[in-house]
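Q: mmCIF, C-alpha atoms (C1' of nucleotides) and all ligand atoms, saved as upload21.cif, coming up:
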data_structure
#
loop_
_atom_site.label_atom_id
_atom_site.label_comp_id
_atom_site.auth_asym_id
_atom_site.auth_seq_id
_atom_site.Cartn_x
_atom_site.Cartn_y
_atom_site.Cartn_z
CA MET A 1 91.61 97.47 121.17
CA GLU A 2 92.92 100.69 122.68
CA ILE A 3 95.71 101.33 120.17
CA THR A 4 93.31 101.00 117.24
CA ASN A 5 91.13 103.81 118.59
CA GLN A 6 94.14 105.96 119.34
CA VAL A 7 95.28 105.49 115.76
CA LYS A 8 91.81 106.26 114.37
CA ASN A 9 91.85 109.51 116.32
CA GLN A 10 95.26 110.41 114.99
CA LEU A 11 93.98 109.90 111.47
CA SER A 12 90.82 111.98 111.81
CA GLU A 13 92.63 114.72 113.73
CA ALA A 14 94.98 114.92 110.76
CA GLY A 15 91.95 115.25 108.48
CA LEU A 16 92.38 111.81 106.92
CA LYS A 17 89.74 109.18 106.34
CA ALA A 18 90.20 106.34 108.80
CA THR A 19 90.37 103.61 106.19
CA HIS A 20 91.26 100.05 107.07
CA PRO A 21 94.71 100.07 105.38
CA ARG A 22 95.64 103.33 107.10
CA ILE A 23 94.58 102.12 110.53
CA VAL A 24 96.47 98.85 110.14
CA VAL A 25 99.68 100.36 108.73
CA LEU A 26 99.84 103.14 111.29
CA ARG A 27 99.09 100.75 114.15
CA GLU A 28 101.84 98.42 112.98
CA LEU A 29 104.31 101.33 113.03
CA VAL A 30 103.14 102.49 116.45
CA VAL A 31 103.60 99.09 118.07
CA SER A 32 106.89 98.22 116.36
CA ASN A 33 110.00 100.14 117.25
CA ASP A 34 112.44 98.74 114.72
CA HIS A 35 111.94 101.16 111.83
CA PRO A 36 110.56 98.66 109.31
CA THR A 37 110.61 98.96 105.52
CA ALA A 38 107.38 99.14 103.50
CA GLU A 39 107.88 95.51 102.52
CA ARG A 40 108.39 94.40 106.10
CA ILE A 41 105.27 96.26 107.23
CA HIS A 42 103.37 94.50 104.48
CA GLU A 43 104.68 91.10 105.58
CA ASN A 44 103.76 91.77 109.19
CA ILE A 45 100.21 92.98 108.56
CA LYS A 46 99.19 90.59 105.82
CA ILE A 47 98.85 87.70 108.24
CA ASP A 48 95.76 89.38 109.67
CA ASN A 49 94.97 91.53 106.62
CA PRO A 50 95.67 89.52 103.49
CA SER A 51 93.77 91.95 101.26
CA ILE A 52 96.02 94.95 101.85
CA SER A 53 98.36 95.27 98.87
CA LEU A 54 102.01 96.32 98.93
CA GLY A 55 101.16 99.24 96.68
CA SER A 56 98.66 100.43 99.27
CA VAL A 57 101.26 100.18 102.01
CA TYR A 58 103.53 102.49 99.99
CA ARG A 59 100.67 104.87 99.25
CA VAL A 60 99.48 104.93 102.84
CA LEU A 61 103.01 105.50 104.16
CA ASP A 62 103.35 108.46 101.83
CA VAL A 63 100.08 109.93 103.07
CA LEU A 64 101.09 109.44 106.69
CA VAL A 65 104.44 111.13 106.12
CA ASP A 66 102.77 114.08 104.40
CA ALA A 67 100.35 114.36 107.31
CA GLY A 68 103.24 114.43 109.77
CA LEU A 69 102.11 111.29 111.59
CA ILE A 70 105.23 109.30 110.76
CA GLN A 71 108.68 110.00 109.39
CA ARG A 72 110.89 108.43 106.79
CA VAL A 73 114.42 107.38 107.70
CA SER A 74 116.77 106.81 104.81
CA VAL A 75 119.89 104.79 105.22
CA ARG A 76 122.44 103.24 102.93
CA SER A 77 121.00 99.81 101.99
CA GLY A 78 118.15 99.44 99.62
CA SER A 79 114.90 100.59 101.09
CA LYS A 80 113.50 103.45 103.09
CA ARG A 81 112.52 102.86 106.68
CA TYR A 82 109.56 104.27 108.62
CA ASP A 83 109.14 105.54 112.15
CA ALA A 84 106.03 106.50 114.10
CA ASN A 85 108.15 108.12 116.80
CA MET A 86 107.88 111.83 116.07
CA SER A 87 109.52 113.14 119.23
CA PRO A 88 112.91 114.72 118.56
CA HIS A 89 115.52 112.01 118.43
CA GLY A 90 118.43 110.78 116.36
CA HIS A 91 119.28 107.44 114.82
CA LEU A 92 122.16 105.05 115.31
CA TYR A 93 122.45 103.00 112.14
CA CYS A 94 124.54 99.84 112.01
CA LEU A 95 125.89 99.25 108.51
CA GLN A 96 126.43 95.54 109.19
CA THR A 97 123.15 94.50 110.77
CA ASN A 98 121.06 97.22 109.17
CA LYS A 99 119.46 97.88 112.53
CA ILE A 100 118.33 101.37 113.44
CA GLN A 101 118.21 102.36 117.07
CA ASP A 102 116.71 105.55 118.45
CA PHE A 103 118.70 107.79 120.70
CA TYR A 104 117.34 110.67 122.70
CA ASP A 105 119.09 113.54 124.23
CA GLU A 106 117.15 116.57 125.32
CA GLU A 107 120.33 118.55 125.78
CA LEU A 108 121.77 117.83 122.32
CA TYR A 109 118.51 118.72 120.63
CA GLU A 110 118.35 121.93 122.62
CA LEU A 111 121.83 122.77 121.38
CA ILE A 112 121.04 122.08 117.75
CA ASN A 113 117.70 123.90 117.79
CA GLU A 114 119.27 126.80 119.61
CA PHE A 115 121.99 126.86 116.99
CA PHE A 116 119.55 127.11 114.11
CA ARG A 117 117.48 129.69 115.92
CA LYS A 118 120.51 131.93 116.36
CA LYS A 119 122.01 131.42 112.93
CA ARG A 120 119.93 133.41 110.56
CA ILE A 121 119.27 131.22 107.56
CA ARG A 122 117.71 133.36 104.90
CA ASN A 123 115.52 132.03 102.08
CA PHE A 124 114.98 128.67 103.80
CA LYS A 125 112.08 127.42 105.91
CA ILE A 126 113.34 124.56 108.09
CA ASN A 127 111.09 121.55 108.08
CA GLU A 128 113.02 118.97 110.03
CA ILE A 129 116.51 118.40 111.35
CA LYS A 130 117.89 114.89 110.96
CA LEU A 131 120.84 113.58 112.91
CA GLN A 132 122.05 110.16 111.92
CA VAL A 133 125.07 108.37 113.34
CA ASN A 134 126.38 105.61 111.11
CA GLY A 135 128.69 102.94 112.43
CA GLU A 136 129.02 99.29 113.28
CA ARG A 137 128.04 97.16 116.23
CA ILE A 138 130.93 95.33 117.83
CA ASP A 139 128.65 92.47 118.80
CA PRO A 140 125.97 92.34 116.11
CA ASP A 141 123.45 90.59 118.36
CA ALA A 142 123.78 92.76 121.44
CA GLU A 143 122.00 96.06 121.97
CA ILE A 144 123.73 99.41 121.89
CA THR A 145 123.70 101.00 125.32
CA ILE A 146 124.11 104.70 125.92
CA THR A 147 125.05 106.12 129.29
CA MET B 1 145.91 120.06 84.31
CA GLU B 2 146.56 120.61 87.99
CA ILE B 3 143.34 119.09 89.34
CA THR B 4 143.91 115.92 87.36
CA ASN B 5 147.25 115.35 89.06
CA GLN B 6 145.85 116.15 92.46
CA VAL B 7 143.13 113.58 91.85
CA LYS B 8 145.63 110.97 90.63
CA ASN B 9 147.56 111.46 93.84
CA GLN B 10 144.45 111.06 95.94
CA LEU B 11 143.76 107.78 94.19
CA SER B 12 147.22 106.27 94.61
CA GLU B 13 147.50 107.48 98.18
CA ALA B 14 144.30 105.59 98.84
CA GLY B 15 145.90 102.50 97.25
CA LEU B 16 143.70 102.60 94.18
CA LYS B 17 144.75 102.25 90.55
CA ALA B 18 144.48 105.60 88.85
CA THR B 19 142.27 104.40 86.03
CA HIS B 20 140.72 106.78 83.55
CA PRO B 21 137.12 106.41 84.79
CA ARG B 22 138.21 106.96 88.39
CA ILE B 23 140.21 110.08 87.55
CA VAL B 24 137.38 111.57 85.53
CA VAL B 25 134.60 110.80 88.01
CA LEU B 26 136.55 112.03 91.02
CA ARG B 27 137.65 115.17 89.18
CA GLU B 28 134.08 115.92 88.21
CA LEU B 29 133.02 115.67 91.86
CA VAL B 30 135.93 117.81 93.02
CA VAL B 31 135.14 120.64 90.62
CA SER B 32 131.36 120.55 91.02
CA ASN B 33 129.82 121.59 94.30
CA ASP B 34 126.21 120.70 93.69
CA HIS B 35 126.12 117.11 94.98
CA PRO B 36 125.30 115.41 91.68
CA THR B 37 123.64 112.03 91.19
CA ALA B 38 125.46 109.17 89.45
CA GLU B 39 123.41 109.84 86.34
CA ARG B 40 124.21 113.54 86.33
CA ILE B 41 127.92 112.83 86.74
CA HIS B 42 127.66 110.48 83.80
CA GLU B 43 125.95 113.14 81.69
CA ASN B 44 128.55 115.72 82.57
CA ILE B 45 131.61 113.59 81.85
CA LYS B 46 130.42 111.78 78.76
CA ILE B 47 130.81 114.87 76.59
CA ASP B 48 134.58 114.49 76.91
CA ASN B 49 134.59 110.78 77.79
CA PRO B 50 131.92 109.03 75.75
CA SER B 51 133.32 105.57 76.50
CA ILE B 52 132.72 105.68 80.26
CA SER B 53 129.56 103.73 81.02
CA LEU B 54 126.92 104.56 83.60
CA GLY B 55 127.59 101.21 85.27
CA SER B 56 131.22 102.22 85.69
CA VAL B 57 130.20 105.52 87.23
CA TYR B 58 128.20 103.63 89.84
CA ARG B 59 131.03 101.17 90.44
CA VAL B 60 133.65 103.91 90.69
CA LEU B 61 131.50 105.96 93.07
CA ASP B 62 131.18 102.93 95.30
CA VAL B 63 134.94 102.41 95.33
CA LEU B 64 135.56 106.08 96.11
CA VAL B 65 133.09 106.01 98.99
CA ASP B 66 134.69 102.87 100.42
CA ALA B 67 138.11 104.53 100.15
CA GLY B 68 136.83 107.56 102.05
CA LEU B 69 137.54 109.96 99.18
CA ILE B 70 133.91 110.99 98.72
CA GLN B 71 130.67 110.63 100.63
CA ARG B 72 127.15 109.68 99.77
CA VAL B 73 124.29 112.00 100.66
CA SER B 74 120.84 110.48 100.67
CA VAL B 75 117.77 112.61 100.43
CA ARG B 76 114.11 112.05 99.80
CA SER B 77 113.74 112.02 95.98
CA GLY B 78 114.90 109.15 93.88
CA SER B 79 118.63 108.94 93.66
CA LYS B 80 121.65 109.15 95.91
CA ARG B 81 123.89 112.21 95.68
CA TYR B 82 127.69 112.39 95.92
CA ASP B 83 130.06 114.85 97.55
CA ALA B 84 133.83 115.19 97.35
CA ASN B 85 133.82 117.60 100.27
CA MET B 86 134.97 115.48 103.20
CA SER B 87 135.46 118.25 105.73
CA PRO B 88 132.88 118.15 108.52
CA HIS B 89 129.76 119.92 107.34
CA GLY B 90 126.01 119.53 107.19
CA HIS B 91 123.50 119.75 104.38
CA LEU B 92 120.56 121.99 103.73
CA TYR B 93 118.20 120.12 101.45
CA CYS B 94 115.36 121.86 99.65
CA LEU B 95 112.45 119.51 99.04
CA GLN B 96 111.10 121.66 96.21
CA THR B 97 114.17 122.36 94.14
CA ASN B 98 116.07 119.25 95.20
CA LYS B 99 119.15 121.39 95.72
CA ILE B 100 121.64 120.50 98.41
CA GLN B 101 123.72 123.26 99.95
CA ASP B 102 126.65 122.77 102.32
CA PHE B 103 126.75 124.52 105.60
CA TYR B 104 129.75 124.73 107.89
CA ASP B 105 129.95 125.54 111.49
CA GLU B 106 133.07 124.73 113.44
CA GLU B 107 131.28 125.39 116.70
CA LEU B 108 128.28 123.14 116.03
CA TYR B 109 130.49 120.28 114.96
CA GLU B 110 132.61 120.73 118.07
CA LEU B 111 129.44 120.47 120.13
CA ILE B 112 128.20 117.34 118.44
CA ASN B 113 131.56 115.59 118.49
CA GLU B 114 132.06 116.58 122.11
CA PHE B 115 128.62 115.19 122.87
CA PHE B 116 129.41 111.80 121.38
CA ARG B 117 132.79 111.70 123.04
CA LYS B 118 131.23 112.25 126.47
CA LYS B 119 128.24 109.98 125.99
CA ARG B 120 129.54 106.47 126.31
CA ILE B 121 127.99 104.49 123.50
CA ARG B 122 128.78 100.86 124.10
CA ASN B 123 128.85 98.20 121.39
CA PHE B 124 128.98 100.75 118.57
CA LYS B 125 131.94 102.10 116.59
CA ILE B 126 130.95 105.48 115.13
CA ASN B 127 131.82 105.87 111.49
CA GLU B 128 130.26 109.16 110.52
CA ILE B 129 127.81 111.68 111.89
CA LYS B 130 125.35 113.13 109.41
CA LEU B 131 123.36 116.28 110.02
CA GLN B 132 120.78 117.11 107.41
CA VAL B 133 118.34 120.00 107.53
CA ASN B 134 115.32 119.54 105.29
CA GLY B 135 113.16 122.44 104.30
CA GLU B 136 112.05 124.67 101.47
CA ARG B 137 113.50 127.69 99.77
CA ILE B 138 111.23 130.69 99.84
CA ASP B 139 112.61 131.88 96.50
CA PRO B 140 113.57 128.72 94.61
CA ASP B 141 116.09 130.50 92.43
CA ALA B 142 117.95 132.45 95.08
CA GLU B 143 120.74 131.08 97.22
CA ILE B 144 120.37 130.32 100.89
CA THR B 145 122.50 132.67 102.96
CA ILE B 146 123.65 131.95 106.48
CA THR B 147 124.87 134.66 108.82
"C1'" DT C 1 158.15 95.54 77.68
"C1'" DC C 2 155.62 92.03 79.85
"C1'" DG C 3 152.35 89.67 82.61
"C1'" DC C 4 148.52 89.56 85.09
"C1'" DA C 5 145.40 90.98 88.72
"C1'" DT C 6 142.19 94.42 88.46
"C1'" DT C 7 138.95 97.11 86.18
"C1'" DT C 8 135.88 98.25 82.52
"C1'" DG C 9 131.82 98.51 78.89
"C1'" DA C 10 127.66 96.82 77.48
"C1'" DG C 11 123.69 95.25 78.50
"C1'" DA C 12 120.84 92.06 81.28
"C1'" DA C 13 118.90 91.50 85.81
"C1'" DT C 14 117.13 92.88 90.08
"C1'" DA C 15 115.25 95.85 93.63
"C1'" DA C 16 112.40 99.56 95.07
"C1'" DT C 17 108.86 102.43 94.19
"C1'" DT C 18 105.25 104.64 91.49
"C1'" DC C 19 101.51 104.62 88.31
"C1'" DC C 20 97.09 103.08 86.28
"C1'" DT C 21 92.20 101.92 86.42
"C1'" DA C 22 88.03 99.79 87.60
"C1'" DA C 23 85.91 98.53 91.88
"C1'" DA C 24 85.20 99.40 96.81
"C1'" DT C 25 84.17 102.29 100.76
"C1'" DG C 26 84.18 105.94 104.62
"C1'" DG C 27 81.55 109.29 106.19
"C1'" DA C 28 78.76 113.67 105.27
"C1'" DA C 29 74.29 114.74 104.38
"C1'" DA C 30 69.57 113.68 104.03
"C1'" DT D 1 69.55 104.51 108.29
"C1'" DT D 2 70.20 104.92 103.81
"C1'" DT D 3 72.11 107.33 99.94
"C1'" DC D 4 75.70 109.29 97.40
"C1'" DC D 5 80.06 110.43 95.83
"C1'" DA D 6 84.77 112.03 96.37
"C1'" DT D 7 88.34 109.46 97.92
"C1'" DT D 8 90.83 105.37 98.35
"C1'" DT D 9 92.04 100.71 97.23
"C1'" DA D 10 93.75 96.12 94.93
"C1'" DG D 11 96.18 94.26 91.52
"C1'" DG D 12 99.21 94.42 88.20
"C1'" DA D 13 101.97 96.93 84.83
"C1'" DA D 14 105.49 100.41 84.36
"C1'" DT D 15 109.30 103.04 85.71
"C1'" DT D 16 113.41 104.25 88.18
"C1'" DA D 17 117.64 103.35 90.42
"C1'" DT D 18 121.16 100.32 91.08
"C1'" DT D 19 123.74 95.99 90.78
"C1'" DC D 20 125.44 92.08 88.37
"C1'" DT D 21 127.78 89.31 84.68
"C1'" DC D 22 131.54 88.35 81.81
"C1'" DA D 23 134.61 88.85 77.96
"C1'" DA D 24 137.84 92.41 76.67
"C1'" DA D 25 140.89 96.14 78.06
"C1'" DT D 26 144.38 98.26 80.91
"C1'" DG D 27 147.28 100.14 84.83
"C1'" DC D 28 151.38 99.32 86.87
"C1'" DG D 29 155.01 96.55 89.33
"C1'" DA D 30 158.74 93.72 88.00
MN MN A 201 104.74 112.56 99.70
MN MN A 202 130.48 99.90 99.03
ZN ZN A 203 113.37 106.61 115.30
ZN ZN A 204 128.35 118.53 101.08
#
Spell out the structure here as structure tokens.
A:
Amino acid sequence: MEITNQVKNQLSEAGLKATHPRIVVLRELVVSNDHPTAERIHENIKIDNPSISLGSVYRVLDVLVDAGLIQRVSVRSGSKRYDANMSPHGHLYCLQTNKIQDFYDEELYELINEFFRKKRIRNFKINEIKLQVNGERIDPDAEITIT
Amino acid sequence: MEITNQVKNQLSEAGLKATHPRIVVLRELVVSNDHPTAERIHENIKIDNPSISLGSVYRVLDVLVDAGLIQRVSVRSGSKRYDANMSPHGHLYCLQTNKIQDFYDEELYELINEFFRKKRIRNFKINEIKLQVNGERIDPDAEITIT
DNA sequence: TCGCATTTGAGAATAATTCCTAAATGGAAA
DNA sequence: TTTCCATTTAGGAATTATTCTCAAATGCGA
């Protein structure tokens, strides 16, 4: 499996042991694009990997976040969500359906980065800039399209 | 007390009963500018209002958010934070100290709003746009200054 | 001043996440 | 290859954050 090897490389390049739980959790996040919760990841992987515990999923997710391989997305609604897409992008969050959709815009991210480069912010080392747009889908089942 | 009356007005204008817990919780948020948690609000107000329960603080905060009088700010770290400042602004969040500091920039917010007005986002009614900058203070005790 | 729909206090319940510990294991070194 | 051990894991308990339940209290319009 190609993705499995890619994921193993990501782990060792980050200086992490390529353990089975880490490979499986990271692969699940790489193939899914719906920003799952820890619990949902656990549900999805335990069909093929019944021995991986929910506690390990949480622990592994934390390690992956610290290593910069994935990011956490927090929304209103109970649990944190996870995202293996580390390219600069924002999130459209629907409060009704709880769905999170990525949105990209080179130009906007240029603007924001440029802004924070110009503005001198003293005594603060910027780690990440999060842009989240909360709202509601008109038709809960249809996609959001951006033009 | 002037602030108390101002807060009572805010409540009735929003169509809410001006109950004691609501007045006290909203006033606490209006006078503090450090984005407290529900628990911290409870600690602060219970000196003068020992009968207000933590459950009521949570319930009242929820009502105030729904009424648009305050906003929730979610950060990594356990609990949600609350903010009575409803003018458009972003947040600088320090992962070490857990402090949240407001930052304003007319121009940046113009840009972002303009962006979302131009971009046609179909099937999505925008509710709020949140910009959060995560990072770390160099000197944990000093303020962050923006120039 | 009354009447009542709404809200509250107290504490139980639930949801989400972290912690604990003995056993398992990835991978560096031999 | 096999050995060795620091690191990681499974499983379950514990903790944290928030919501729920319901009888009693109370704002406020009439
Ligand atoms: Mn971490
Ligand atoms: Mn609500
Ligand atoms: Zn994303
Ligand atoms: Zn704020």
Q: Compute the set of chain A residues within 7 Å of chain C, using all atoms listed in the file, and express it as an NGL selection string.
A: :A and (17 or 19 or 79)
Q: What is the distance, in Å and to one decimal place, between CA of Tyr58 (chain A) and CA of Asp34 (chain A)?
A: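 Taking CA of Tyr58 (chain A) as the start and CA of Asp34 (chain A) as the end point, the length is 17.6 Å.
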Q: Residues up to 7 Å from ligand ZN 203 (chain A), counting only C-alpha atoms (C1' of nucleotides) and all ligand atoms: could you list those as a list in words?
A: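 Result of the 7 Å neighbour search around ligand ZN 203 (chain A): His35, Asp83, Asn85, His89, Gly90, His91, Gln101 and Asp102 of chain A.
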Q: Could you tell me how far CA of Lys125 (chain A) lies from CA of Arg137 (chain B), in Å and to one decimal?
A: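 We find that CA of Lys125 (chain A) and CA of Arg137 (chain B) lie 6.3 Å from each other.
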Q: How far is it from CA of Thr37 (chain A) to CA of Lys80 (chain A), in Å with one decimal?
A: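 Result for CA of Thr37 (chain A) versus CA of Lys80 (chain A): 5.9 Å, one decimal.
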Q: All Cα atoms, paired in order, least squares: that's the fit I need for chain B onto chain A, output as an mmCIF file with C-alpha atoms, keeping the file's coordinate frame.
A:
data_model
loop_
_atom_site.group_PDB
_atom_site.id
_atom_site.type_symbol
_atom_site.label_atom_id
_atom_site.label_comp_id
_atom_site.auth_asym_id
_atom_site.auth_seq_id
_atom_site.Cartn_x
_atom_site.Cartn_y
_atom_site.Cartn_z
ATOM 1 C CA MET B 1 91.617 97.406 121.127
ATOM 2 C CA GLU B 2 92.943 100.597 122.652
ATOM 3 C CA ILE B 3 95.737 101.269 120.152
ATOM 4 C CA THR B 4 93.333 100.940 117.253
ATOM 5 C CA ASN B 5 91.162 103.733 118.616
ATOM 6 C CA GLN B 6 94.138 105.908 119.374
ATOM 7 C CA VAL B 7 95.280 105.446 115.788
ATOM 8 C CA LYS B 8 91.808 106.204 114.403
ATOM 9 C CA ASN B 9 91.840 109.436 116.358
ATOM 10 C CA GLN B 10 95.248 110.371 115.035
ATOM 11 C CA LEU B 11 93.957 109.864 111.517
ATOM 12 C CA SER B 12 90.797 111.944 111.857
ATOM 13 C CA GLU B 13 92.593 114.669 113.765
ATOM 14 C CA ALA B 14 94.934 114.890 110.812
ATOM 15 C CA GLY B 15 91.882 115.210 108.527
ATOM 16 C CA LEU B 16 92.328 111.787 106.991
ATOM 17 C CA LYS B 17 89.682 109.128 106.419
ATOM 18 C CA ALA B 18 90.209 106.306 108.857
ATOM 19 C CA THR B 19 90.358 103.586 106.238
ATOM 20 C CA HIS B 20 91.274 100.030 107.096
ATOM 21 C CA PRO B 21 94.703 100.048 105.401
ATOM 22 C CA ARG B 22 95.629 103.316 107.108
ATOM 23 C CA ILE B 23 94.596 102.077 110.549
ATOM 24 C CA VAL B 24 96.495 98.830 110.149
ATOM 25 C CA VAL B 25 99.684 100.343 108.732
ATOM 26 C CA LEU B 26 99.847 103.129 111.297
ATOM 27 C CA ARG B 27 99.107 100.720 114.144
ATOM 28 C CA GLU B 28 101.861 98.414 112.982
ATOM 29 C CA LEU B 29 104.331 101.313 113.033
ATOM 30 C CA VAL B 30 103.145 102.476 116.444
ATOM 31 C CA VAL B 31 103.613 99.072 118.052
ATOM 32 C CA SER B 32 106.897 98.197 116.347
ATOM 33 C CA ASN B 33 110.012 100.131 117.225
ATOM 34 C CA ASP B 34 112.433 98.742 114.695
ATOM 35 C CA HIS B 35 111.939 101.180 111.802
ATOM 36 C CA PRO B 36 110.556 98.694 109.280
ATOM 37 C CA THR B 37 110.613 98.993 105.495
ATOM 38 C CA ALA B 38 107.385 99.170 103.478
ATOM 39 C CA GLU B 39 107.873 95.548 102.496
ATOM 40 C CA ARG B 40 108.402 94.410 106.068
ATOM 41 C CA ILE B 41 105.289 96.263 107.213
ATOM 42 C CA HIS B 42 103.397 94.520 104.454
ATOM 43 C CA GLU B 43 104.705 91.125 105.558
ATOM 44 C CA ASN B 44 103.790 91.777 109.153
ATOM 45 C CA ILE B 45 100.238 92.972 108.540
ATOM 46 C CA LYS B 46 99.222 90.587 105.798
ATOM 47 C CA ILE B 47 98.903 87.675 108.213
ATOM 48 C CA ASP B 48 95.805 89.346 109.653
ATOM 49 C CA ASN B 49 95.001 91.508 106.617
ATOM 50 C CA PRO B 50 95.712 89.517 103.473
ATOM 51 C CA SER B 51 93.778 91.934 101.256
ATOM 52 C CA ILE B 52 96.034 94.945 101.850
ATOM 53 C CA SER B 53 98.368 95.289 98.884
ATOM 54 C CA LEU B 54 102.005 96.332 98.939
ATOM 55 C CA GLY B 55 101.133 99.261 96.676
ATOM 56 C CA SER B 56 98.647 100.448 99.280
ATOM 57 C CA VAL B 57 101.263 100.198 101.999
ATOM 58 C CA TYR B 58 103.505 102.504 99.988
ATOM 59 C CA ARG B 59 100.642 104.888 99.255
ATOM 60 C CA VAL B 60 99.473 104.941 102.869
ATOM 61 C CA LEU B 61 103.006 105.514 104.164
ATOM 62 C CA ASP B 62 103.314 108.478 101.846
ATOM 63 C CA VAL B 63 100.047 109.947 103.100
ATOM 64 C CA LEU B 64 101.077 109.445 106.726
ATOM 65 C CA VAL B 65 104.419 111.143 106.139
ATOM 66 C CA ASP B 66 102.736 114.093 104.429
ATOM 67 C CA ALA B 67 100.317 114.369 107.361
ATOM 68 C CA GLY B 68 103.226 114.446 109.802
ATOM 69 C CA LEU B 69 102.099 111.295 111.619
ATOM 70 C CA ILE B 70 105.226 109.305 110.777
ATOM 71 C CA GLN B 71 108.668 110.017 109.391
ATOM 72 C CA ARG B 72 110.881 108.464 106.798
ATOM 73 C CA VAL B 73 114.406 107.411 107.701
ATOM 74 C CA SER B 74 116.776 106.847 104.824
ATOM 75 C CA VAL B 75 119.896 104.819 105.236
ATOM 76 C CA ARG B 76 122.457 103.271 102.966
ATOM 77 C CA SER B 77 121.002 99.855 101.990
ATOM 78 C CA GLY B 78 118.152 99.505 99.593
ATOM 79 C CA SER B 79 114.895 100.632 101.052
ATOM 80 C CA LYS B 80 113.494 103.500 103.061
ATOM 81 C CA ARG B 81 112.523 102.892 106.683
ATOM 82 C CA TYR B 82 109.545 104.292 108.607
ATOM 83 C CA ASP B 83 109.125 105.561 112.148
ATOM 84 C CA ALA B 84 106.021 106.511 114.107
ATOM 85 C CA ASN B 85 108.147 108.125 116.792
ATOM 86 C CA MET B 86 107.853 111.839 116.072
ATOM 87 C CA SER B 87 109.502 113.146 119.216
ATOM 88 C CA PRO B 88 112.884 114.741 118.534
ATOM 89 C CA HIS B 89 115.499 112.018 118.418
ATOM 90 C CA GLY B 90 118.409 110.792 116.353
ATOM 91 C CA HIS B 91 119.270 107.446 114.834
ATOM 92 C CA LEU B 92 122.130 105.064 115.316
ATOM 93 C CA TYR B 93 122.435 103.014 112.158
ATOM 94 C CA CYS B 94 124.523 99.859 112.016
ATOM 95 C CA LEU B 95 125.893 99.252 108.535
ATOM 96 C CA GLN B 96 126.409 95.546 109.212
ATOM 97 C CA THR B 97 123.144 94.511 110.784
ATOM 98 C CA ASN B 98 121.052 97.230 109.160
ATOM 99 C CA LYS B 99 119.432 97.895 112.517
ATOM 100 C CA ILE B 100 118.316 101.383 113.421
ATOM 101 C CA GLN B 101 118.191 102.365 117.073
ATOM 102 C CA ASP B 102 116.694 105.571 118.458
ATOM 103 C CA PHE B 103 118.680 107.782 120.694
ATOM 104 C CA TYR B 104 117.313 110.679 122.702
ATOM 105 C CA ASP B 105 119.060 113.553 124.232
ATOM 106 C CA GLU B 106 117.109 116.580 125.339
ATOM 107 C CA GLU B 107 120.298 118.557 125.770
ATOM 108 C CA LEU B 108 121.748 117.830 122.323
ATOM 109 C CA TYR B 109 118.503 118.715 120.621
ATOM 110 C CA GLU B 110 118.319 121.939 122.607
ATOM 111 C CA LEU B 111 121.804 122.767 121.369
ATOM 112 C CA ILE B 112 121.045 122.073 117.745
ATOM 113 C CA ASN B 113 117.720 123.890 117.756
ATOM 114 C CA GLU B 114 119.285 126.814 119.582
ATOM 115 C CA PHE B 115 122.033 126.854 116.976
ATOM 116 C CA PHE B 116 119.600 127.104 114.085
ATOM 117 C CA ARG B 117 117.530 129.699 115.866
ATOM 118 C CA LYS B 118 120.572 131.941 116.341
ATOM 119 C CA LYS B 119 122.094 131.389 112.920
ATOM 120 C CA ARG B 120 120.030 133.419 110.526
ATOM 121 C CA ILE B 121 119.385 131.221 107.531
ATOM 122 C CA ARG B 122 117.833 133.370 104.860
ATOM 123 C CA ASN B 123 115.674 132.051 102.027
ATOM 124 C CA PHE B 124 115.097 128.695 103.723
ATOM 125 C CA LYS B 125 112.175 127.456 105.828
ATOM 126 C CA ILE B 126 113.418 124.591 108.015
ATOM 127 C CA ASN B 127 111.155 121.585 108.002
ATOM 128 C CA GLU B 128 113.065 118.989 109.954
ATOM 129 C CA ILE B 129 116.536 118.411 111.314
ATOM 130 C CA LYS B 130 117.905 114.904 110.953
ATOM 131 C CA LEU B 131 120.850 113.584 112.913
ATOM 132 C CA GLN B 132 122.058 110.159 111.932
ATOM 133 C CA VAL B 133 125.067 108.364 113.362
ATOM 134 C CA ASN B 134 126.392 105.598 111.139
ATOM 135 C CA GLY B 135 128.663 102.933 112.477
ATOM 136 C CA GLU B 136 129.006 99.277 113.332
ATOM 137 C CA ARG B 137 128.002 97.150 116.261
ATOM 138 C CA ILE B 138 130.883 95.327 117.853
ATOM 139 C CA ASP B 139 128.594 92.448 118.826
ATOM 140 C CA PRO B 140 125.912 92.322 116.130
ATOM 141 C CA ASP B 141 123.401 90.602 118.369
ATOM 142 C CA ALA B 142 123.706 92.776 121.445
ATOM 143 C CA GLU B 143 121.934 96.069 121.955
ATOM 144 C CA ILE B 144 123.677 99.406 121.880
ATOM 145 C CA THR B 145 123.622 101.018 125.307
ATOM 146 C CA ILE B 146 124.051 104.715 125.922
ATOM 147 C CA THR B 147 124.989 106.123 129.306
#
Q: Just want the 12 Å neighbourhood of Gly55 (chain B), counted on all atoms listed in the file, with same-chain residues fewer than 6 positions away dropped. Output as a PyMOL selection string.
A: (chain B and resi 21+38-39+41-42+61-62) or (chain C and resi 8-11) or (chain D and resi 17-21)
Q: Write the residues of the selection above to a file with C-alpha atoms (C1' of nucleotides), as a compact mmCIF listing (two decimals), in the coordinates of the input.
A:
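Result file follows (selection.txt):
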# COMPACT_ATOMS: atom_id res chain seq x y z
CA PRO B 21 137.12 106.41 84.79
CA ALA B 38 125.46 109.17 89.45
CA GLU B 39 123.41 109.84 86.34
CA ILE B 41 127.92 112.83 86.74
CA HIS B 42 127.66 110.48 83.80
CA LEU B 61 131.50 105.96 93.07
CA ASP B 62 131.18 102.93 95.30
C1' DT C 8 135.88 98.25 82.52
C1' DG C 9 131.82 98.51 78.89
C1' DA C 10 127.66 96.82 77.48
C1' DG C 11 123.69 95.25 78.50
C1' DA D 17 117.64 103.35 90.42
C1' DT D 18 121.16 100.32 91.08
C1' DT D 19 123.74 95.99 90.78
C1' DC D 20 125.44 92.08 88.37
C1' DT D 21 127.78 89.31 84.68
